[in-house]
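Pasting my_file08.txt here (compact mmCIF, C-alpha atoms):
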# COMPACT_ATOMS: atom_id res chain seq x y z
CA MET A 1 77.77 38.51 26.42
CA ASN A 2 80.55 36.84 24.42
CA LYS A 3 80.64 39.81 22.08
CA LEU A 4 80.84 42.12 25.06
CA GLY A 5 83.75 40.10 26.43
CA ILE A 6 85.56 40.33 23.11
CA ARG A 7 85.00 44.10 23.01
CA ILE A 8 86.36 44.52 26.52
CA ALA A 9 89.39 42.39 25.63
CA ILE A 10 90.04 44.58 22.58
CA MET A 11 89.73 47.71 24.68
CA CYS A 12 92.17 46.32 27.27
CA LEU A 13 94.59 45.55 24.45
CA LEU A 14 94.28 49.11 23.14
CA VAL A 15 94.91 50.57 26.58
CA GLY A 16 97.97 48.33 26.90
CA ILE A 17 99.27 49.49 23.55
CA ALA A 18 98.63 53.11 24.55
CA THR A 19 100.61 52.59 27.77
CA ALA A 20 103.54 51.13 25.86
CA ALA A 21 103.37 54.04 23.45
CA PHE A 22 103.84 56.48 26.33
CA ALA A 23 107.11 54.88 27.49
CA VAL A 24 110.30 56.65 26.42
CA PRO A 25 111.57 55.01 23.21
CA PRO A 26 115.36 54.51 23.34
CA SER A 27 115.76 56.52 20.14
CA GLU A 28 114.46 59.62 21.93
CA VAL A 29 117.37 59.74 24.37
CA VAL A 30 121.15 59.86 24.01
CA ARG A 31 123.72 59.74 26.78
CA VAL A 32 127.39 60.50 26.13
CA GLN A 33 129.95 59.43 28.73
CA GLY A 34 133.10 60.88 27.18
CA ASN A 35 134.68 64.21 26.31
CA GLN A 36 134.39 65.83 22.87
CA THR A 37 136.20 69.00 21.84
CA PHE A 38 134.79 71.28 19.15
CA THR A 39 136.53 74.14 17.35
CA GLY A 40 135.00 76.29 14.65
CA THR A 41 132.51 78.98 13.88
CA CYS A 42 128.82 78.31 14.39
CA CYS A 43 127.17 76.21 13.19
CA PHE A 44 128.03 72.57 12.57
CA PRO A 45 126.71 69.22 13.90
CA TRP A 46 127.99 68.08 17.28
CA GLY A 47 127.37 64.42 16.52
CA GLU A 48 124.41 63.71 18.79
CA THR A 49 121.02 62.87 17.30
CA VAL A 50 117.70 61.79 18.75
CA THR A 51 114.75 60.56 16.72
CA VAL A 52 111.05 61.12 17.24
CA ILE A 53 108.15 59.64 15.32
CA GLU A 54 105.54 62.31 14.66
CA PRO A 55 101.87 61.41 14.22
CA ARG A 56 99.80 62.44 11.19
CA VAL A 57 99.08 65.78 12.81
CA VAL A 58 102.57 67.01 13.73
CA VAL A 59 102.95 68.17 17.34
CA PRO A 60 105.67 70.25 19.07
CA VAL A 61 108.71 68.48 20.51
CA VAL A 62 110.53 69.43 23.70
CA VAL A 63 114.27 68.81 23.54
CA THR A 64 116.46 68.93 26.65
CA TRP A 65 120.24 68.99 26.57
CA SER A 66 122.16 68.75 29.83
CA THR A 67 125.95 68.88 29.84
CA ASP A 68 129.24 69.45 31.59
CA TYR A 69 131.60 71.72 29.67
CA LEU A 70 134.66 73.95 29.75
CA THR A 71 136.16 76.31 27.21
CA THR A 72 139.48 77.80 26.33
CA ALA A 73 140.23 81.29 27.65
CA GLY A 74 139.85 84.61 25.84
CA ASN A 75 136.23 85.75 26.00
CA VAL A 76 135.12 82.54 24.34
CA VAL A 77 131.40 82.21 23.67
CA PHE A 78 129.83 79.19 22.04
CA GLU A 79 126.34 78.83 20.64
CA VAL A 80 124.41 75.57 20.76
CA GLY A 81 121.05 74.58 19.29
CA VAL A 82 119.37 71.85 17.29
CA SER A 83 118.97 71.04 13.62
CA VAL A 84 115.70 69.39 12.59
CA ASN A 85 116.01 66.96 9.68
CA GLY A 86 119.15 68.65 8.40
CA HIS A 87 117.72 72.16 8.46
CA PRO A 88 119.80 75.09 9.77
CA CYS A 89 120.79 75.16 13.42
CA LEU A 90 117.86 76.63 15.39
CA ASN A 91 117.07 77.91 18.85
CA ARG A 92 120.62 78.69 19.67
CA GLY A 93 121.58 79.26 23.28
CA THR A 94 124.82 80.46 24.76
CA LEU A 95 127.61 78.63 26.56
CA ASN A 96 129.78 81.33 28.08
CA GLU A 97 133.48 81.01 28.70
CA PHE A 98 134.29 78.72 31.56
CA VAL A 99 137.90 78.21 32.51
CA SER A 100 138.68 76.61 35.82
CA PRO A 101 142.08 76.89 37.48
CA ASP A 102 142.02 73.19 38.34
CA GLY A 103 140.58 72.05 35.02
CA THR A 104 137.17 71.05 36.31
CA ALA A 105 134.06 71.75 34.26
CA THR A 106 130.80 73.50 34.91
CA SER A 107 127.33 72.34 33.91
CA SER A 108 124.45 73.79 31.94
CA THR A 109 121.01 72.64 30.82
CA PHE A 110 118.95 73.87 27.87
CA GLN A 111 115.36 73.15 26.93
CA TRP A 112 114.16 73.94 23.44
CA LEU A 113 110.64 73.82 22.04
CA ILE A 114 110.61 72.64 18.43
CA SER A 115 107.54 73.71 16.51
CA PRO A 116 106.11 72.02 13.43
CA SER A 117 107.20 75.08 11.44
CA ASP A 118 110.82 74.34 12.37
CA GLY A 119 110.82 71.41 9.95
CA LEU A 120 109.07 68.58 11.78
CA ILE A 121 107.28 66.17 9.49
CA LYS A 122 104.94 63.22 9.86
CA GLY A 123 106.95 60.09 10.63
CA THR A 124 110.62 59.92 11.55
CA ASN A 125 112.37 63.16 12.51
CA ASN A 126 116.06 63.50 13.34
CA ILE A 127 116.99 66.20 15.81
CA THR A 128 120.73 66.86 15.92
CA LEU A 129 122.72 68.94 18.36
CA CYS A 130 124.64 71.69 16.60
CA GLY A 131 126.58 74.82 17.38
CA GLY A 132 129.93 76.49 17.20
CA SER A 133 131.96 79.42 18.33
CA ALA A 134 130.87 83.02 18.12
CA SER A 135 134.32 84.30 19.03
CA GLY A 136 137.00 81.70 18.36
CA GLY A 137 138.47 79.24 20.82
CA SER A 138 137.30 75.72 21.56
CA ILE A 139 134.85 73.98 23.83
CA THR A 140 135.03 70.57 25.46
CA ILE A 141 131.72 68.87 26.15
CA GLY A 142 131.84 66.36 28.97
CA PHE A 143 129.21 63.90 30.15
CA ASN A 144 125.90 64.95 28.62
CA THR A 145 122.39 63.84 27.75
CA LEU A 146 120.07 64.77 24.88
CA ALA A 147 116.39 63.86 25.15
CA ALA A 148 113.31 64.62 23.08
CA ARG A 149 109.68 64.17 23.94
CA MET A 150 106.58 64.99 22.02
CA SER A 151 103.83 67.03 23.55
CA LYS A 152 100.64 65.02 23.95
CA MET B 1 67.22 40.99 19.41
CA SER B 2 64.99 42.90 21.79
CA ARG B 3 65.29 46.63 22.30
CA ALA B 4 65.81 46.08 26.06
CA PHE B 5 68.72 43.71 25.44
CA SER B 6 70.36 46.17 23.00
CA LEU B 7 70.02 48.99 25.52
CA ARG B 8 71.53 46.85 28.28
CA ARG B 9 74.43 45.89 26.04
CA ALA B 10 75.04 49.53 25.08
CA ILE B 11 75.05 50.60 28.73
CA LEU B 12 77.47 47.83 29.75
CA THR B 13 79.79 48.63 26.86
CA SER B 14 79.75 52.33 27.71
CA LEU B 15 80.50 51.60 31.37
CA ALA B 16 83.40 49.37 30.38
CA ILE B 17 84.83 52.07 28.12
CA LEU B 18 84.49 54.74 30.81
CA THR B 19 86.14 52.51 33.41
CA LEU B 20 89.07 51.76 31.14
CA LEU B 21 89.49 55.40 30.19
CA ALA B 22 89.46 56.43 33.84
CA ALA B 23 92.04 53.77 34.67
CA ALA B 24 94.23 54.83 31.76
CA THR B 25 94.02 58.51 32.70
CA GLN B 26 95.00 57.73 36.27
CA ALA B 27 97.90 55.65 35.01
CA PHE B 28 99.27 58.63 33.08
CA ALA B 29 99.14 61.03 36.05
CA VAL B 30 102.46 61.56 37.84
CA PRO B 31 102.57 59.28 40.91
CA ALA B 32 103.71 61.03 44.10
CA LYS B 33 106.73 58.72 44.51
CA GLN B 34 108.15 59.94 41.20
CA VAL B 35 108.69 63.48 42.44
CA LEU B 36 110.33 65.07 45.46
CA LYS B 37 110.42 68.73 46.42
CA VAL B 38 112.72 69.98 49.19
CA THR B 39 112.04 73.44 50.56
CA HIS B 40 114.74 73.76 53.20
CA ASN B 41 118.52 73.92 53.20
CA GLN B 42 120.67 70.82 53.67
CA THR B 43 124.44 70.91 54.14
CA PHE B 44 126.60 67.96 53.12
CA VAL B 45 130.27 67.61 54.09
CA GLY B 46 132.65 65.06 52.66
CA GLN B 47 134.39 63.71 49.63
CA CYS B 48 132.45 61.86 46.93
CA CYS B 49 130.45 59.78 47.17
CA PHE B 50 127.74 59.43 49.75
CA SER B 51 123.95 59.61 49.82
CA TRP B 52 122.27 63.00 49.75
CA ALA B 53 119.10 61.47 51.16
CA GLU B 54 116.71 62.27 48.34
CA THR B 55 114.99 59.34 46.68
CA VAL B 56 112.36 58.93 44.00
CA SER B 57 111.03 55.70 42.59
CA VAL B 58 109.32 54.50 39.46
CA GLY B 59 107.83 51.23 38.25
CA GLU B 60 109.40 49.70 35.18
CA PRO B 61 107.30 47.58 32.81
CA LYS B 62 108.11 43.96 32.01
CA THR B 63 110.60 45.11 29.41
CA PRO B 64 112.50 47.98 31.10
CA VAL B 65 112.79 51.26 29.21
CA PRO B 66 115.11 54.26 29.67
CA VAL B 67 114.43 56.34 32.75
CA VAL B 68 114.81 60.12 32.74
CA VAL B 69 115.73 61.77 36.06
CA THR B 70 115.71 65.54 36.47
CA PHE B 71 117.39 67.37 39.36
CA THR B 72 117.12 71.13 39.78
CA THR B 73 118.67 72.88 42.74
CA ASP B 74 119.92 76.03 44.36
CA PHE B 75 123.34 75.49 45.90
CA LEU B 76 126.14 77.16 47.77
CA VAL B 77 129.69 75.87 48.22
CA ASN B 78 130.92 76.70 51.69
CA PRO B 79 134.32 77.90 52.91
CA PRO B 80 137.00 77.22 53.82
CA ALA B 81 137.54 74.40 51.32
CA LEU B 82 135.50 75.91 48.43
CA ASP B 83 135.80 72.63 46.56
CA ASP B 84 134.11 71.51 43.37
CA PHE B 85 131.31 69.02 43.89
CA VAL B 86 129.86 66.25 41.77
CA VAL B 87 126.37 64.82 41.93
CA GLY B 88 124.97 61.59 40.54
CA LEU B 89 122.58 58.74 41.24
CA SER B 90 122.53 55.49 43.13
CA VAL B 91 120.11 53.14 41.38
CA ASN B 92 118.47 50.60 43.68
CA GLY B 93 121.17 51.10 46.32
CA GLY B 94 124.02 50.52 43.88
CA PRO B 95 127.16 52.64 43.55
CA CYS B 96 126.97 56.39 42.94
CA LEU B 97 127.37 56.79 39.18
CA ALA B 98 127.18 59.49 36.53
CA TYR B 99 124.21 59.27 34.18
CA GLY B 100 124.94 62.59 32.48
CA PRO B 101 126.56 65.82 33.64
CA VAL B 102 127.79 65.87 37.24
CA THR B 103 129.46 69.17 38.00
CA LEU B 104 128.46 71.58 40.74
CA SER B 105 131.36 73.95 40.33
CA ASP B 106 132.54 76.43 42.94
CA VAL B 107 134.20 78.81 40.50
CA VAL B 108 131.16 80.97 39.85
CA ILE B 109 130.16 81.09 43.49
CA VAL B 110 129.85 84.40 45.24
CA LEU B 111 130.09 83.75 48.93
CA ASN B 112 126.72 83.41 50.65
CA HIS B 113 124.81 83.72 47.39
CA PHE B 114 123.04 80.70 46.01
CA THR B 115 123.29 79.83 42.37
CA GLU B 116 121.26 77.18 40.53
CA ARG B 117 121.84 74.23 38.28
CA SER B 118 119.62 71.75 36.45
CA PHE B 119 120.55 68.25 35.36
CA GLU B 120 118.77 65.73 33.20
CA TRP B 121 120.10 62.20 33.51
CA ILE B 122 119.33 59.15 31.38
CA VAL B 123 119.39 55.76 33.11
CA PRO B 124 119.43 53.07 30.42
CA PRO B 125 117.61 49.82 31.07
CA GLY B 126 119.35 46.70 32.25
CA ALA B 127 123.01 47.46 32.73
CA SER B 128 122.37 50.23 35.24
CA GLY B 129 120.50 47.95 37.59
CA THR B 130 116.95 48.88 36.71
CA HIS B 131 114.53 46.00 36.58
CA LYS B 132 110.86 45.19 36.20
CA GLY B 133 108.85 46.65 39.06
CA THR B 134 109.82 49.38 41.51
CA ASN B 135 113.22 51.05 41.07
CA THR B 136 114.69 53.67 43.40
CA PHE B 137 116.92 56.57 42.41
CA THR B 138 118.83 58.25 45.23
CA LEU B 139 120.80 61.46 44.88
CA CYS B 140 124.46 61.10 45.84
CA GLY B 141 127.70 62.98 45.47
CA GLY B 142 130.40 64.82 47.34
CA ALA B 143 133.43 67.04 47.11
CA VAL B 144 135.99 66.34 44.40
CA ASN B 145 139.19 67.08 46.29
CA HIS B 146 138.74 67.80 50.00
CA PRO B 147 137.32 65.56 52.73
CA ASP B 148 136.05 68.71 54.45
CA GLY B 149 134.42 70.14 51.35
CA SER B 150 130.97 71.47 52.20
CA ILE B 151 127.95 72.20 50.05
CA THR B 152 124.52 73.53 50.97
CA LEU B 153 121.60 72.55 48.78
CA GLY B 154 118.75 75.01 48.87
CA PHE B 155 115.30 74.49 47.44
CA ASN B 156 115.46 71.63 44.99
CA SER B 157 113.41 69.07 43.14
CA LEU B 158 114.09 65.53 41.97
CA ALA B 159 111.81 63.86 39.45
CA VAL B 160 111.82 60.60 37.55
CA ARG B 161 109.74 59.52 34.56
CA ILE B 162 109.49 56.69 32.13
CA SER B 163 106.51 58.15 30.37
CA GLN B 164 105.69 61.39 28.62
Starting from the file, give its structure as structure tokens.
Amino acid sequence: MNKLGIRIAIMCLLVGIATAAFAVPPSEVVRVQGNQTFTGTCCFPWGETVTVIEPRVVVPVVVTWSTDYLTTAGNVVFEVGVSVNGHPCLNRGTLNEFVSPDGTATSSTFQWLISPSDGLIKGTNNITLCGGSASGGSITIGFNTLAARMSK
Amino acid sequence: MSRAFSLRRAILTSLAILTLLAAATQAFAVPAKQVLKVTHNQTFVGQCCFSWAETVSVGEPKTPVPVVVTFTTDFLVNPPALDDFVVGLSVNGGPCLAYGPVTLSDVVIVLNHFTERSFEWIVPPGASGTHKGTNTFTLCGGAVNHPDGSITLGFNSLAVRISQ
């Protein structure tokens, strides 16, 4: 029975480790509480990176970016996406012109699915927000969050 | 070692494994308190910030980890003020704070037509008031400029997670 007790203890330990592994690691989330203004043609890094640790068999990653923003006037359209491990900016979505008479922002949320073929590798992967203008002008990003989670 | 004893040990070990797996699986399911779905309209009047009466809760482990809160809603800004609104979170009854984007803007509103927004907020451990054990996250907000600013939230959902 002692051996059985040891086995159960080991299994409990493994379940505990598994539970800890499911918690959100701090490196998988970024929160920015200030304004950043970007000018320039797509695509360049927007200075926000999250990191995920991929297992031996690489799995897809879901990345969510949620932001306040406003743009300059003049049919301004910005593109935003993610760069995986320094690869080109992928999965680009659109932030349309938003100019408010009183200077307040609007909000938008994107969710991107990053596939292993997008450049994910076993081990540490850096996923960086990127984008730029498709039509000139500038964009100011307000409070925003960037979060990644691996599919299980 | 007798065959009967080996069989008994194998059965006990298997039962232990199955029990632990069942417990672990249940632990990874989304508890009901972590999600809230509202399927009716609610109108809030007033300047920021006050409670919007939607709360979810989640248990933090001994060493708190970041919490991710997602809010998705239909909304309509009402006349005559047509003000901009902000929305945030009160953690464990604390002040209404921004944990990411906050803006529910009136500029794109067509009168009497709902539009929708989604927010994902990150509540870091410690400084924001989260602690080991149960933590509550209550939606809060209000008009930016006018005390009589009015917003109607339509169908919406609020969800919190610390696990994938």
Task: Test item: which residues lie within 12 Å of (129.0, 80.9, 18.2) counting only C-alpha atoms, as a ChimeraX atom specification - done: /A:38-44,75-81,89,92-97,130-139
TODO: Quick one: residues within 10 Å of (135.8, 65.9, 56.0) (file frame), counting all atoms listed in the file, please, as number ranges by chain.
DONE: B: 44-47, 81, 143, 146-150
Write out, as a CSV table (one decimal), in the coordinates of the input, the residues just selected, with C-alpha atoms.
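Contents of part.csv, freshly written:
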chain,number,residue,atom,x,y,z
B,44,PHE,CA,126.6,68.0,53.1
B,45,VAL,CA,130.3,67.6,54.1
B,46,GLY,CA,132.6,65.1,52.7
B,47,GLN,CA,134.4,63.7,49.6
B,81,ALA,CA,137.5,74.4,51.3
B,143,ALA,CA,133.4,67.0,47.1
B,146,HIS,CA,138.7,67.8,50.0
B,147,PRO,CA,137.3,65.6,52.7
B,148,ASP,CA,136.0,68.7,54.4
B,149,GLY,CA,134.4,70.1,51.4
B,150,SER,CA,131.0,71.5,52.2
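When only C-alpha atoms are used to compute distances to B:Val68, the closest of the residues B:Ile151, B:Cys49, B:Leu139, B:Ile122 turns out to be B:Ile122.
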Using only C-alpha atoms, find each residue of chain B with at least one atom at most 6 Å away from an atom of chain A; report its shortest atom-to-atom pair and that distance in Å (one decimal), sort the rows by chain and rising residue number, and return the result as a Markdown table.
| residue | atom | partner | partner_atom | distance |
| --- | --- | --- | --- | --- |
| B:Gly100 | CA | A:Asn144 | CA | 4.6 |
| B:Pro101 | CA | A:Phe143 | CA | 4.8 |
| B:Thr103 | CA | A:Thr106 | CA | 5.5 |
| B:Ser105 | CA | A:Thr106 | CA | 5.5 |
| B:Ser118 | CA | A:Thr109 | CA | 5.9 |
| B:Phe119 | CA | A:Ser66 | CA | 5.8 |
| B:Glu120 | CA | A:Ser66 | CA | 5.7 |
| B:Ile162 | CA | A:Ala23 | CA | 5.5 |
| B:Ser163 | CA | A:Ala23 | CA | 4.4 |
| B:Gln164 | CA | A:Phe22 | CA | 5.7 |
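Shell of B:Asn41 at 12 Å, with all atoms listed in the file counted and residues fewer than 6 places along the chain excluded, is Thr73, Asp74, Phe75, Leu76, Phe114, Ile151, Thr152, Leu153, Gly154, Phe155 and Asn156 of chain B.
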- [ ] Report the distance between atom CA of B:Pro125 and atom CA of B:Gly94 in Å, rounded to one decimal place.
- [x]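 Straight-line distance from atom CA of B:Pro125 to atom CA of B:Gly94 works out to 14.3 Å.
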- [ ] Could you check which of B:Val87, B:Cys48, B:Val58, B:Leu97 is closest to B:Val35, using all atoms listed in the file?
- [x] B:Val58
